[in-house]
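**Q** Pasting a structure here, questions to come.
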Amino acid sequence: MPDLTALAHPIGDALVSSQGYDVEMIRRDFPILGTRVHARSGKPGKPLVYLDNAASAQKPRAVIEAMSRCLEQEYANVHRGVHYLSQRTTDAYERVRDKIAGLLNAGSREEIVITRGGTESINLVAATWGRKFLGPGDEIIVSVMEHHANIVPWQLLQSERGIGIKVVPCDERGVLDLDAYRGLFGSRTKLVAITHGSNVLGTVTPAKEIAAIAHHHGVPVLFDGSQAVVHGPVDVQEIDADFYALTGHKLYGPTAIGALYGKRGLLEAMPPYQGGGDMIAEVSFAGTTFREPPYRFEAGTPPIVEGIGLAAAIDYVRAVGLDAIAVHEHALLERATAGLNRIEGVRIVGTAPGKAGIISFVMDGVHPHDVGTLVDQAGVAIRVGRHCAEPLIERFGVGATARASFGLYNTLDEADALVEAVAGVKEFFA
Amino acid sequence: MFDDLRDLYQEVILDHGKHPRNFRHPPDANREAKGDNPMCGDRLVVYLKVSDQGIVEDAAFLGKGCAISTASASMMTEVIRGRSKEEVMALFRHFHELCTKDEEDRGEPEAIDPDALEKLMVLSGVRQFPVRVKCATLAWHTMAAAVDGDTVVSTE
């Protein structure tokens, strides 16, 4: 039997460097970054410039290897086996709960519910807390900047329960209007569900202030942290978040895993989400009792391999350092912003101070979809469209945008490659 | 930088994309349908004037879209005008094959005006770009819905 203890905390090469932020060393930890795209006979293809990190980030070797090792050497079902492998896998899998608690500075590991992603985390709150505590005439507050994942679950509840949904507007820069937000509270306001970072504009919202205002009215707050948690340090206790949703695949981890942070008291008051194995205390046809949080919300076999992968991803990101990542991404943002602003006819959508590394832009006379197809030919991968945030796109009256989003492995040269490709698009359509 | 894209963005497409023909709302239109591609945000309305004999006497559109979808809509309005509903639908079927299949996989062409086919050929470059096929076919799907009397079509 191989010694598995050494595998519990895989560490990338970059992490042993103490020479400041060595992006070239970090890049070597991500096998996919060596890919060339659009290769065909006689042509070697273009080096990949991956600027679609807000959609999904690439995975470091530490994550890939942790998942392979699990599948090759220590895989079994968790929480139920008496045998050696099951216990080993359970220990490895449960570690992800500690990693997430550490990442968010949660008060305890029991406040972390493992889910299938940010979308499920929000749906879980809507389906359990929402169904228990919201009735006809009750109101929740969201913002115009929400991803559909933080709109549609509440609309489902709206048609089921007759709740009202109020929307915090933002200004032309993409800054939330906190005065308007304060004005939306009423005697029936029961929940605030708001993004901590816009996937379209890059705006980071003032979470602590948002929570303080809500708490002044006795209302809990759910933050959609799927973007924010990737771009800088998050402390749920400092913010005083009541719920905090995040996803693994944007955090350099696998797909199909995410988490919901919930304050203990809130989780304890919530009924189960889905029914099945693992979430029960005792089952009989006379009646069934449920486990304590967080297990009450985790029915069925969990995403075991993904959990082990996400634990490795969090180790990786924390070893690089979220503060260092934020500084690095800010430099990329500044470089690309300055470059795009120099191209006549290009307008950046979202200019809030303190933005995360996301740039949405539009170009006079050229549709974002054409921009996306053209820059892709230069090897630059960006996203175009409405970014699952149609109300926000409507708000800015643009129909669609092109969006470049930076990750911890992007370089200043890549920011320049984006600018050069976009300048080429303008020329092409001139 | 973009030499490989000249097949997709031929000059005639760029021209129709920048200066779409029949970009208007005819006051005497008697059929219309909305087309929507939520993925890229393209939205358009196709207006038709169909005579009692089933002839498309006028075709026009309004909306916002990428160069490919705008050019395709513009060229479609030119090509279908003056034709019977049956001819128009045959053109649509042929155009759809142009956009999705290589030459050897296409069915036998129906009896269609060769000039119209020739004109639409310039859009066949989209078949190398699967995500852009919907851009080229949105106006046609919308037009077909208008002919059928439907009102909203989505190519999501």
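Identifiers for the structure tokens are assigned positionally: chains receive A, B, ... in sequence, residues are indexed from 1 per chain, and ligands are indexed from 1 in the order shown.
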Any idea which chain A residues end up within 7 Å of chain B if we count only C-alpha atoms, as a ChimeraX atom specification please?
**A** /A:367,369-370,374,377-378,384-386,399-400
**Q** Would you return as a list in words the members of stretch 127-219 of chain A that DSSP assigns to strand (DSSP E) on this structure's backbone?
**A**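 For stretch 127-219 of chain A, the strand (DSSP E) set is Glu139, Ile140, Ile141, Val142, Ser143, Gly164, Ile165, Lys166, Val167, Val168, Thr189, Lys190, Leu191, Val192, Ala193, Ile194 and Thr195 of chain A.
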**Q** Could you dump the residues just selected with C-alpha atoms as a PDB file, in the first residue's frame?
**A**
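So the final result, stored in again-v9.pdb, reads:
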ATOM      1  CA  GLU A 139     -40.037  40.761   0.146  1.00  0.00           C
ATOM      2  CA  ILE A 140     -36.455  40.078  -0.736  1.00  0.00           C
ATOM      3  CA  ILE A 141     -33.882  42.510  -2.118  1.00  0.00           C
ATOM      4  CA  VAL A 142     -31.511  41.631  -4.973  1.00  0.00           C
ATOM      5  CA  SER A 143     -29.424  43.933  -7.179  1.00  0.00           C
ATOM      6  CA  GLY A 164     -41.979  40.338  -3.877  1.00  0.00           C
ATOM      7  CA  ILE A 165     -38.518  41.008  -5.356  1.00  0.00           C
ATOM      8  CA  LYS A 166     -37.005  44.484  -5.102  1.00  0.00           C
ATOM      9  CA  VAL A 167     -33.957  45.480  -7.130  1.00  0.00           C
ATOM     10  CA  VAL A 168     -31.061  47.733  -6.061  1.00  0.00           C
ATOM     11  CA  THR A 189     -38.312  42.659   3.899  1.00  0.00           C
ATOM     12  CA  LYS A 190     -37.022  39.216   4.889  1.00  0.00           C
ATOM     13  CA  LEU A 191     -33.778  38.657   2.985  1.00  0.00           C
ATOM     14  CA  VAL A 192     -31.094  40.441   0.984  1.00  0.00           C
ATOM     15  CA  ALA A 193     -29.503  38.299  -1.761  1.00  0.00           C
ATOM     16  CA  ILE A 194     -26.775  40.221  -3.499  1.00  0.00           C
ATOM     17  CA  THR A 195     -23.582  39.620  -5.414  1.00  0.00           C
TER      18      THR A 195
END
**Q** If we count only C-alpha atoms and set the cut-off at 6 Å, which residues sit around stretch 241-255 of chain A, ignoring sequence neighbours fewer than 2 positions away in its own chain? Please answer as a list of chain:residue names.
**A**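 Counting only the stated atoms, we get A:Ser56, A:Ala57, A:Gln58, A:Lys59, A:Gly117, A:Gly118, A:Ser121, A:Pro220, A:Val221, A:Leu222, A:Phe223, A:Asp224, A:Gly225, A:Ser226, A:Val230, A:Val236, A:Ile239, A:Ile257, A:Gly258, A:Ala259, A:Leu260, A:Tyr261, A:Gly262, A:Lys263, A:Glu306, A:Gly309, A:Leu310, A:Ala313.
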**Q** Using only C-alpha atoms, determine which residues lie at most 6 Å from A:Ala402, disregarding the query and same-chain residues fewer than 5 positions distant; provide the list as a list in words.
**A**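 In the requested format, the answer is Ser360, Phe361, Pro368, Arg383 and Val384 of chain A.
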**Q** Compile the contact shell of B:Arg81 as a ChimeraX atom specification: residues with an atom at most 8 Å away, counting only C-alpha atoms, same-chain residues fewer than 5 positions apart removed.
**A** /B:56-59
**Q** What is the distance between atom CA of B:Leu62 and atom CA of A:Arg403, in Å to one decimal?
**A**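 For atom CA of B:Leu62 relative to atom CA of A:Arg403, the distance reads 26.0 Å.
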**Q** Determine the nearest neighbour of B:Ala116 from the options B:Lys34, B:His141, B:Arg83, B:Lys134, counting only C-alpha atoms.
**A**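 Among the listed residues, the smallest separation from B:Ala116 belongs to B:Arg83.
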**Q** Looking only at the backbone, which of the residues in stretch 2-246 of chain A does DSSP tag as alpha helix (DSSP H), as JSON, numbers by chain?
**A** {"A": [23, 24, 25, 26, 27, 28, 61, 62, 63, 64, 65, 66, 67, 68, 69, 70, 71, 72, 73, 84, 85, 86, 87, 88, 89, 90, 91, 92, 93, 94, 95, 96, 97, 98, 99, 100, 101, 102, 103, 104, 118, 119, 120, 121, 122, 123, 124, 125, 131, 132, 133, 152, 153, 154, 155, 156, 157, 158, 159, 160, 161, 178, 179, 180, 181, 182, 183, 207, 208, 209, 210, 211, 212, 213, 214, 215, 216, 228, 229, 230, 231, 236, 237, 238, 239]}
